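**Q** Input structure: run-v8.txt, which contains compact mmCIF, C-alpha atoms.
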# COMPACT_ATOMS: atom_id res chain seq x y z
CA MET A 1 125.29 32.18 63.13
CA ILE A 2 126.44 35.62 62.05
CA PRO A 3 124.86 37.07 58.88
CA GLU A 4 126.96 36.51 55.77
CA ARG A 5 127.77 40.16 55.05
CA GLU A 6 128.24 41.41 58.61
CA ASN A 7 131.63 43.13 58.92
CA PHE A 8 131.37 44.74 62.38
CA GLY A 9 132.08 48.32 61.45
CA GLY A 10 134.64 47.32 58.83
CA THR A 11 136.81 45.43 61.34
CA TRP A 12 136.09 42.14 59.51
CA PRO A 13 136.47 43.11 55.82
CA PHE A 14 136.95 39.58 54.43
CA ALA A 15 134.70 38.01 51.80
CA PRO A 16 132.70 35.05 53.15
CA HIS A 17 133.05 31.58 51.63
CA TYR A 18 130.91 28.57 52.47
CA PHE A 19 131.25 24.79 52.30
CA GLU A 20 128.16 22.61 52.68
CA GLY A 21 129.73 19.17 52.29
CA ASN A 22 129.52 18.48 56.03
CA GLY A 23 125.74 18.77 56.09
CA PHE A 24 125.74 22.32 57.44
CA ARG A 25 126.91 25.70 56.18
CA MET A 26 130.56 26.00 57.19
CA HIS A 27 132.10 29.45 56.80
CA TYR A 28 135.73 30.15 55.99
CA VAL A 29 137.93 33.05 54.92
CA ASP A 30 140.14 32.52 51.87
CA GLU A 31 142.56 35.38 51.16
CA GLY A 32 145.79 35.66 49.17
CA ASN A 33 147.79 33.20 47.08
CA GLY A 34 150.66 30.79 47.63
CA GLU A 35 151.15 27.91 50.03
CA PRO A 36 148.14 27.68 52.35
CA ILE A 37 148.09 28.72 55.98
CA ILE A 38 145.10 27.39 57.91
CA CYS A 39 144.35 29.23 61.15
CA LEU A 40 142.30 27.35 63.75
CA ARG A 41 141.08 28.36 67.21
CA GLY A 42 138.79 27.12 69.93
CA GLU A 43 136.16 28.74 72.09
CA PRO A 44 134.31 31.00 72.52
CA THR A 45 135.92 32.76 69.57
CA TRP A 46 135.65 32.52 65.80
CA GLY A 47 137.71 33.69 62.82
CA TYR A 48 137.57 37.26 64.13
CA LEU A 49 140.41 36.28 66.47
CA TYR A 50 142.72 36.20 63.42
CA ARG A 51 141.56 39.47 61.82
CA ARG A 52 144.98 41.11 62.35
CA PHE A 53 146.83 38.05 61.02
CA ILE A 54 145.07 37.71 57.67
CA PRO A 55 146.29 40.89 55.86
CA PRO A 56 150.02 40.50 56.58
CA LEU A 57 150.13 36.72 56.13
CA SER A 58 148.11 36.81 52.90
CA LYS A 59 150.78 38.95 51.22
CA ALA A 60 152.86 35.82 50.65
CA ASN A 61 150.45 32.96 51.37
CA ARG A 62 146.91 31.80 50.88
CA VAL A 63 145.30 32.24 54.30
CA LEU A 64 142.24 30.20 55.25
CA VAL A 65 140.35 30.69 58.49
CA PRO A 66 137.47 28.24 58.98
CA ASP A 67 134.78 28.66 61.59
CA HIS A 68 134.08 25.45 63.47
CA MET A 69 130.54 24.10 63.51
CA GLY A 70 128.60 26.17 66.03
CA PHE A 71 130.85 29.23 65.87
CA GLY A 72 131.15 32.49 63.93
CA LYS A 73 129.46 32.51 60.55
CA SER A 74 129.08 28.73 60.47
CA GLU A 75 125.76 27.13 61.26
CA THR A 76 124.93 25.46 64.58
CA PRO A 77 123.02 22.30 63.61
CA PRO A 78 121.02 21.01 66.62
CA ASP A 79 121.30 17.34 65.73
CA ARG A 80 125.10 16.94 65.54
CA GLU A 81 127.69 15.67 68.00
CA TYR A 82 129.99 18.51 69.03
CA SER A 83 133.12 16.45 69.67
CA LEU A 84 136.81 16.62 68.81
CA LYS A 85 136.33 13.81 66.29
CA THR A 86 133.46 15.60 64.54
CA HIS A 87 135.40 18.88 64.29
CA VAL A 88 138.37 16.99 62.77
CA GLU A 89 136.09 15.27 60.28
CA ASN A 90 134.52 18.60 59.31
CA LEU A 91 137.96 20.11 58.71
CA THR A 92 139.07 17.07 56.72
CA ARG A 93 136.21 17.36 54.26
CA LEU A 94 136.84 21.08 53.78
CA ILE A 95 140.54 20.51 53.07
CA ASP A 96 139.69 17.67 50.67
CA GLU A 97 137.18 19.86 48.85
CA LEU A 98 139.75 22.65 48.41
CA ASP A 99 142.51 20.10 47.69
CA LEU A 100 144.97 21.93 49.91
CA LYS A 101 148.60 20.76 50.09
CA ASN A 102 151.78 21.94 51.81
CA ILE A 103 149.62 23.34 54.61
CA THR A 104 151.02 25.41 57.45
CA PHE A 105 148.75 25.10 60.48
CA VAL A 106 148.54 28.06 62.87
CA ILE A 107 146.61 26.52 65.72
CA GLN A 108 145.41 27.78 69.10
CA ASP A 109 143.22 26.36 71.88
CA TRP A 110 141.13 23.46 70.48
CA GLY A 111 142.81 24.11 67.15
CA GLY A 112 145.85 22.26 68.57
CA PRO A 113 144.17 18.89 69.18
CA ILE A 114 142.13 19.30 65.98
CA GLY A 115 145.18 20.12 63.87
CA ALA A 116 147.34 17.43 65.47
CA ALA A 117 144.66 14.77 64.94
CA TYR A 118 144.40 15.84 61.31
CA VAL A 119 148.16 15.63 60.75
CA LEU A 120 148.33 12.13 62.23
CA ARG A 121 145.80 10.92 59.67
CA HIS A 122 146.76 13.07 56.66
CA PRO A 123 150.49 13.87 56.92
CA GLU A 124 150.87 14.12 53.16
CA ARG A 125 148.93 17.39 53.10
CA VAL A 126 150.76 19.21 55.92
CA LYS A 127 154.17 20.88 55.79
CA ARG A 128 154.60 22.54 59.20
CA LEU A 129 152.82 23.43 62.46
CA PHE A 130 152.84 26.63 64.49
CA PHE A 131 151.27 26.11 67.93
CA LEU A 132 149.87 29.00 69.93
CA ASN A 133 148.52 28.57 73.46
CA THR A 134 147.51 24.98 72.91
CA LEU A 135 148.75 21.42 73.04
CA THR A 136 148.56 18.35 70.84
CA GLY A 137 147.42 15.82 73.41
CA TYR A 138 150.15 13.43 72.27
CA GLY A 139 153.15 14.67 74.25
CA ARG A 140 152.14 12.69 77.36
CA ALA A 141 152.16 15.81 79.53
CA LYS A 142 150.18 15.20 82.72
CA PRO A 143 148.62 18.25 84.42
CA THR A 144 148.91 18.09 88.22
CA GLU A 145 145.82 20.23 88.78
CA LEU A 146 143.00 21.89 86.92
CA THR A 147 143.61 25.38 85.56
CA PRO A 148 141.34 28.21 86.74
CA TRP A 149 139.25 27.78 83.60
CA PHE A 150 138.66 24.08 84.12
CA GLN A 151 138.04 24.62 87.84
CA PHE A 152 135.29 27.00 86.72
CA ILE A 153 133.91 24.43 84.26
CA LYS A 154 134.04 21.62 86.81
CA SER A 155 132.30 23.60 89.55
CA HIS A 156 129.47 24.69 87.27
CA HIS A 157 129.12 21.23 85.75
CA GLU A 158 128.81 19.65 89.18
CA ALA A 159 126.30 22.32 90.23
CA ASN A 160 124.29 21.78 87.03
CA THR A 161 124.72 25.46 86.15
CA LEU A 162 127.19 25.20 83.25
CA HIS A 163 124.55 25.35 80.53
CA GLU A 164 123.13 28.46 82.15
CA VAL A 165 126.51 30.22 82.48
CA LEU A 166 127.85 29.35 79.01
CA GLY A 167 124.38 29.62 77.52
CA HIS A 168 124.58 33.42 77.80
CA LEU A 169 127.71 34.07 75.75
CA GLY A 170 125.81 36.70 73.84
CA THR A 171 126.05 38.89 76.94
CA ASN A 172 128.99 37.54 78.96
CA VAL A 173 131.56 36.57 76.31
CA LEU A 174 134.10 39.17 77.51
CA SER A 175 134.03 37.91 81.09
CA ILE A 176 134.37 34.31 79.88
CA MET A 177 137.36 35.22 77.72
CA LYS A 178 138.95 36.98 80.71
CA ALA A 179 138.42 33.83 82.76
CA ILE A 180 140.34 31.84 80.14
CA GLY A 181 143.08 34.44 79.75
CA PHE A 182 142.44 37.64 77.78
CA GLU A 183 144.79 40.49 78.72
CA ASN A 184 144.53 43.31 76.16
CA SER A 185 141.42 45.15 77.34
CA GLY A 186 142.53 48.19 75.36
CA VAL A 187 141.39 46.53 72.14
CA VAL A 188 137.81 46.19 73.37
CA ASP A 189 135.26 48.51 71.77
CA ALA A 190 131.67 48.25 70.56
CA ASN A 191 132.67 46.40 67.37
CA TRP A 192 134.81 43.93 69.33
CA VAL A 193 132.00 43.14 71.75
CA ALA A 194 129.47 42.84 68.93
CA ALA A 195 131.73 40.52 66.93
CA TYR A 196 132.39 38.06 69.74
CA SER A 197 128.80 38.17 71.03
CA ALA A 198 127.08 37.81 67.67
CA PRO A 199 127.38 34.01 67.24
CA PHE A 200 125.42 33.42 70.45
CA PRO A 201 121.95 35.01 70.33
CA SER A 202 120.35 32.11 72.24
CA LYS A 203 121.26 29.17 74.48
CA ALA A 204 120.82 26.81 71.56
CA ASP A 205 123.53 28.69 69.69
CA CYS A 206 126.01 28.12 72.55
CA VAL A 207 126.07 24.32 72.27
CA GLY A 208 129.52 24.22 70.63
CA ALA A 209 131.08 26.35 73.36
CA ILE A 210 129.45 24.26 76.09
CA GLU A 211 130.52 20.91 74.67
CA PHE A 212 134.18 21.79 73.96
CA PRO A 213 135.29 22.00 77.63
CA LEU A 214 133.06 19.10 78.66
CA ASP A 215 134.71 16.96 75.99
CA ALA A 216 138.00 17.43 77.85
CA LEU A 217 136.78 17.56 81.46
CA LEU A 218 134.75 14.35 81.16
CA GLY A 219 137.42 12.52 79.17
CA ARG A 220 135.20 12.04 76.14
CA ILE A 221 138.10 12.87 73.84
CA VAL A 222 140.28 10.04 75.18
CA PRO A 223 139.23 7.18 72.84
CA TYR A 224 139.73 9.33 69.75
CA VAL A 225 143.08 10.65 70.97
CA ARG A 226 144.26 7.12 71.71
CA GLU A 227 143.47 6.11 68.13
CA GLY A 228 146.18 8.53 67.00
CA PHE A 229 149.11 7.29 69.10
CA PRO A 230 150.18 4.56 66.62
CA LEU A 231 150.58 7.34 64.04
CA ILE A 232 152.69 9.62 66.26
CA ASP A 233 155.69 9.54 63.90
CA ASN A 234 153.61 11.44 61.34
CA LEU A 235 153.47 14.30 63.82
CA LYS A 236 157.08 14.10 64.92
CA ALA A 237 158.26 14.38 61.30
CA LYS A 238 156.82 17.87 60.84
CA PRO A 239 158.69 21.09 61.63
CA ALA A 240 156.96 22.74 64.57
CA MET A 241 157.15 25.78 66.82
CA LEU A 242 155.28 26.83 69.98
CA ALA A 243 154.48 30.33 71.22
CA VAL A 244 153.02 30.53 74.71
CA GLY A 245 151.14 33.42 76.27
CA MET A 246 152.38 32.91 79.82
CA LYS A 247 149.23 34.36 81.45
CA ASP A 248 147.10 31.56 80.02
CA ARG A 249 144.40 30.50 82.50
CA GLY A 250 142.89 27.86 80.23
CA ILE A 251 145.86 25.59 79.48
CA ALA A 252 148.77 25.80 81.91
CA PRO A 253 151.87 27.13 80.09
CA GLU A 254 154.11 24.48 81.66
CA VAL A 255 151.78 21.76 80.36
CA GLN A 256 151.84 23.25 76.86
CA ILE A 257 155.63 23.28 76.93
CA ALA A 258 155.88 19.72 78.28
CA ASP A 259 153.44 18.44 75.66
CA PHE A 260 155.40 20.13 72.88
CA ARG A 261 158.78 18.93 74.19
CA GLY A 262 157.42 15.38 74.40
CA ILE A 263 157.13 15.35 70.60
CA TRP A 264 159.66 17.95 69.44
CA PRO A 265 162.44 18.12 72.07
CA ASP A 266 164.65 20.38 69.95
CA ARG A 267 162.13 22.64 68.26
CA PRO A 268 161.78 26.34 69.26
CA ILE A 269 159.50 27.61 72.02
CA VAL A 270 158.87 31.32 72.56
CA GLU A 271 157.40 32.56 75.84
CA LEU A 272 155.21 35.66 75.62
CA PRO A 273 155.18 37.09 79.16
CA GLY A 274 152.49 39.74 78.67
CA ALA A 275 150.03 37.60 76.75
CA GLY A 276 147.27 35.26 77.85
CA HIS A 277 145.35 32.45 76.23
CA PHE A 278 144.06 34.71 73.45
CA SER A 279 147.50 35.92 72.49
CA GLN A 280 146.25 36.78 68.99
CA GLU A 281 144.48 39.69 70.69
CA ASP A 282 147.29 40.48 73.12
CA VAL A 283 150.42 40.54 70.91
CA PRO A 284 149.34 40.04 67.27
CA ASP A 285 152.29 41.77 65.61
CA THR A 286 154.82 39.70 67.54
CA ILE A 287 153.09 36.45 66.64
CA VAL A 288 152.72 37.33 62.96
CA ALA A 289 156.46 38.05 62.82
CA LEU A 290 157.19 34.70 64.47
CA ILE A 291 154.97 32.87 61.98
CA GLN A 292 156.65 34.56 59.02
CA LEU A 293 160.11 33.71 60.33
CA PHE A 294 159.04 30.12 61.03
CA ILE A 295 157.75 29.68 57.48
CA GLN A 296 160.87 31.23 55.95
CA SER A 297 163.11 28.94 58.04
CA ASN A 298 161.22 25.68 57.44
Could you write out this file's structure as structure tokens?
**A**
Amino acid sequence: MIPERENFGGTWPFAPHYFEGNGFRMHYVDEGNGEPIICLRGEPTWGYLYRRFIPPLSKANRVLVPDHMGFGKSETPPDREYSLKTHVENLTRLIDELDLKNITFVIQDWGGPIGAAYVLRHPERVKRLFFLNTLTGYGRAKPTELTPWFQFIKSHHEANTLHEVLGHLGTNVLSIMKAIGFENSGVVDANWVAAYSAPFPSKADCVGAIEFPLDALLGRIVPYVREGFPLIDNLKAKPAMLAVGMKDRGIAPEVQIADFRGIWPDRPIVELPGAGHFSQEDVPDTIVALIQLFIQSN
């Protein structure tokens, strides 16, 4: 857990807010006014991934960036289940507490399944969805093979070395992000490394990042995802858009596109040829412009 006032050399200048209704201290950014935009991501990142999105988007909207349990400035409780269902339930209580309505989700990596699962169950609070290097899990896309990232996870899981490899994110977070698909090495400096390393001072602090990929690899998410299929029309009814960093090594771009098309066959998809899985780092200005246009058009 990152200290409350840490701003990493001024690169994270946003006031911290905390919600304790989930039984742990959950951090979120809350900037600007207007209809809310909630930005979600996956692993091994935290809200810092959206640092270049918050200022421009908050000029016309209220921008909220929560840190999932076990990431960023949120606590890492040792006695909790780090599952897709739990992360959705944590988000639900935060949104209820803030009484947010007409939400635009900007969702990447695990933010896609989390946001989609939320919309299925609470469609009345959500207005539109902007997907970014992710999938919903409801488009019935079937990967033909594991991506390089999940090959890496599978090999280490089978060798009983995964907890050792992902238990050192405090020192190897850059190499892990490159394995998933991080392209813009020019943005990396001492503040960048410190920001992404800071949530993981010990193996115990890495539990969230370890359990996320195992949740998918071992199929533990399947029962919860299946619960949502009867509610699929709630998802189909929302305006949606997908932007895909085509160098993604975590989720195959063709699978992202097939998943999206399975729900929204006529909604826009933008391919970003120079970007990877962490396209917020690779082409932030392009994506911000796409989000603004999407909101204005829907």
**Q** Go ahead and compute the interatomic distance for atom CA of His27 of chain A and atom CA of Gly276 of chain A, in Å to one decimal.
**A**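 Distance reported for this atom pair: 26.6 Å.
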**Q** Quick one: of A:Thr136, A:Thr92, A:Gln292, A:Asn298, who's nearest to Gly111 of chain A, counting only C-alpha atoms?
**A** A:Thr136
**Q** Report, in Å to a single decimal, how far apart atom CA of Ala116 of chain A and atom CA of Glu97 of chain A are.
**A** 19.6 Å
**Q** Smallest atom-to-atom distance to Cys39 of chain A: which of A:Pro13, A:Pro3, A:Gly115, A:Gly167, using only C-alpha atoms?
**A**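 When distances to Cys39 of chain A are compared using only C-alpha atoms, the smallest one comes from A:Gly115.
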**Q** At most 10 Å is the cut-off: for each residue in segment 64-176 of chain A with any atom that close to an atom of segment 189-209 of chain A, write down the nearest atom pair and the distance in Å rounded to one decimal, counting all atoms listed in the file, chain first then increasing number, as a Markdown table.
**A**
| residue | atom | partner | partner_atom | distance |
| --- | --- | --- | --- | --- |
| A:His68 | CA | A:Gly208 | CA | 8.6 |
| A:Met69 | CA | A:Gly208 | CA | 7.2 |
| A:Gly70 | CA | A:Gly208 | CA | 5.1 |
| A:Phe71 | CA | A:Pro199 | CA | 6.1 |
| A:Gly72 | CA | A:Pro199 | CA | 5.2 |
| A:Lys73 | CA | A:Pro199 | CA | 7.2 |
| A:Ser74 | CA | A:Pro199 | CA | 8.8 |
| A:Glu75 | CA | A:Asp205 | CA | 8.9 |
| A:Thr76 | CA | A:Asp205 | CA | 6.2 |
| A:Pro77 | CA | A:Asp205 | CA | 8.8 |
| A:Pro78 | CA | A:Ala204 | CA | 7.6 |
| A:Arg80 | CA | A:Gly208 | CA | 9.9 |
| A:Glu81 | CA | A:Gly208 | CA | 9.1 |
| A:Tyr82 | CA | A:Gly208 | CA | 5.9 |
| A:Ser83 | CA | A:Gly208 | CA | 8.6 |
| A:His163 | CA | A:Lys203 | CA | 7.9 |
| A:Glu164 | CA | A:Lys203 | CA | 7.9 |
| A:Val165 | CA | A:Lys203 | CA | 9.6 |
| A:Leu166 | CA | A:Cys206 | CA | 6.8 |
| A:Gly167 | CA | A:Lys203 | CA | 4.4 |
| A:His168 | CA | A:Lys203 | CA | 6.3 |
| A:Leu169 | CA | A:Phe200 | CA | 5.8 |
| A:Gly170 | CA | A:Ser197 | CA | 4.4 |
| A:Thr171 | CA | A:Ser197 | CA | 6.6 |
| A:Asn172 | CA | A:Ser197 | CA | 8.0 |
| A:Val173 | CA | A:Ser197 | CA | 6.2 |
| A:Leu174 | CA | A:Val193 | CA | 7.3 |
**Q** Which residues are near Asn102 of chain A? Cut-off 7 Å, all atoms listed in the file, ignore same chain within fewer than 3 positions. Put them as a PyMOL selection string.
**A** chain A and resi 35-36+125-127
**Q** Could you dump the residues just selected with C-alpha atoms as a compact mmCIF listing (two decimals), in the frame of the given file?
**A**
# COMPACT_ATOMS: atom_id res chain seq x y z
CA GLU A 35 151.15 27.91 50.03
CA PRO A 36 148.14 27.68 52.35
CA ARG A 125 148.93 17.39 53.10
CA VAL A 126 150.76 19.21 55.92
CA LYS A 127 154.17 20.88 55.79
**Q** Can you tell me which residues surround Pro230 of chain A at a distance of at most 12 Å, considering only C-alpha atoms, apart from same-chain residues fewer than 3 positions away, and format the answer as a list in words?
**A**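 My reading of the contact set: Ala117, Leu120, Arg121, Tyr138, Tyr224, Val225, Arg226, Glu227, Asp233, Asn234, Leu235 and Lys236 of chain A.
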**Q** For Leu290 of chain A, which residue out of A:His156, A:Glu43, A:Leu98, A:Met241 is the nearest one, using only C-alpha atoms?
**A** A:Met241
**Q** Please list as a PyMOL selection string every residue within 12 Å of Asn61 of chain A, counting only C-alpha atoms and excluding residues in the same chain fewer than 6 positions away.
**A** chain A and resi 30-38+53-55+102-104+291-292+295-296
**Q** Using only C-alpha atoms, which protein or nucleic acid residues come within 7 Å of segment 247-249 of chain A? Drop anything in the same chain fewer than 5 positions from it, and give the result as a PyMOL selection string.
**A** chain A and resi 147-149+179-181+273-277
**Q** Using all atoms listed in the file, which residue out of A:Leu64, A:Leu84, A:Val29, A:Val188 lies closest to Gly219 of chain A?
**A** A:Leu84
**Q** Using only C-alpha atoms, can you tell me which of A:Ala141, A:Phe278, A:Arg93, A:Gly10 comes closest to Ala258 of chain A?
**A** A:Ala141
**Q** Kindly indicate which residue among A:Leu242, A:Ala159, A:Ile232, A:Leu129 lies nearest to Arg261 of chain A, using only C-alpha atoms for the distances.
**A** A:Leu242
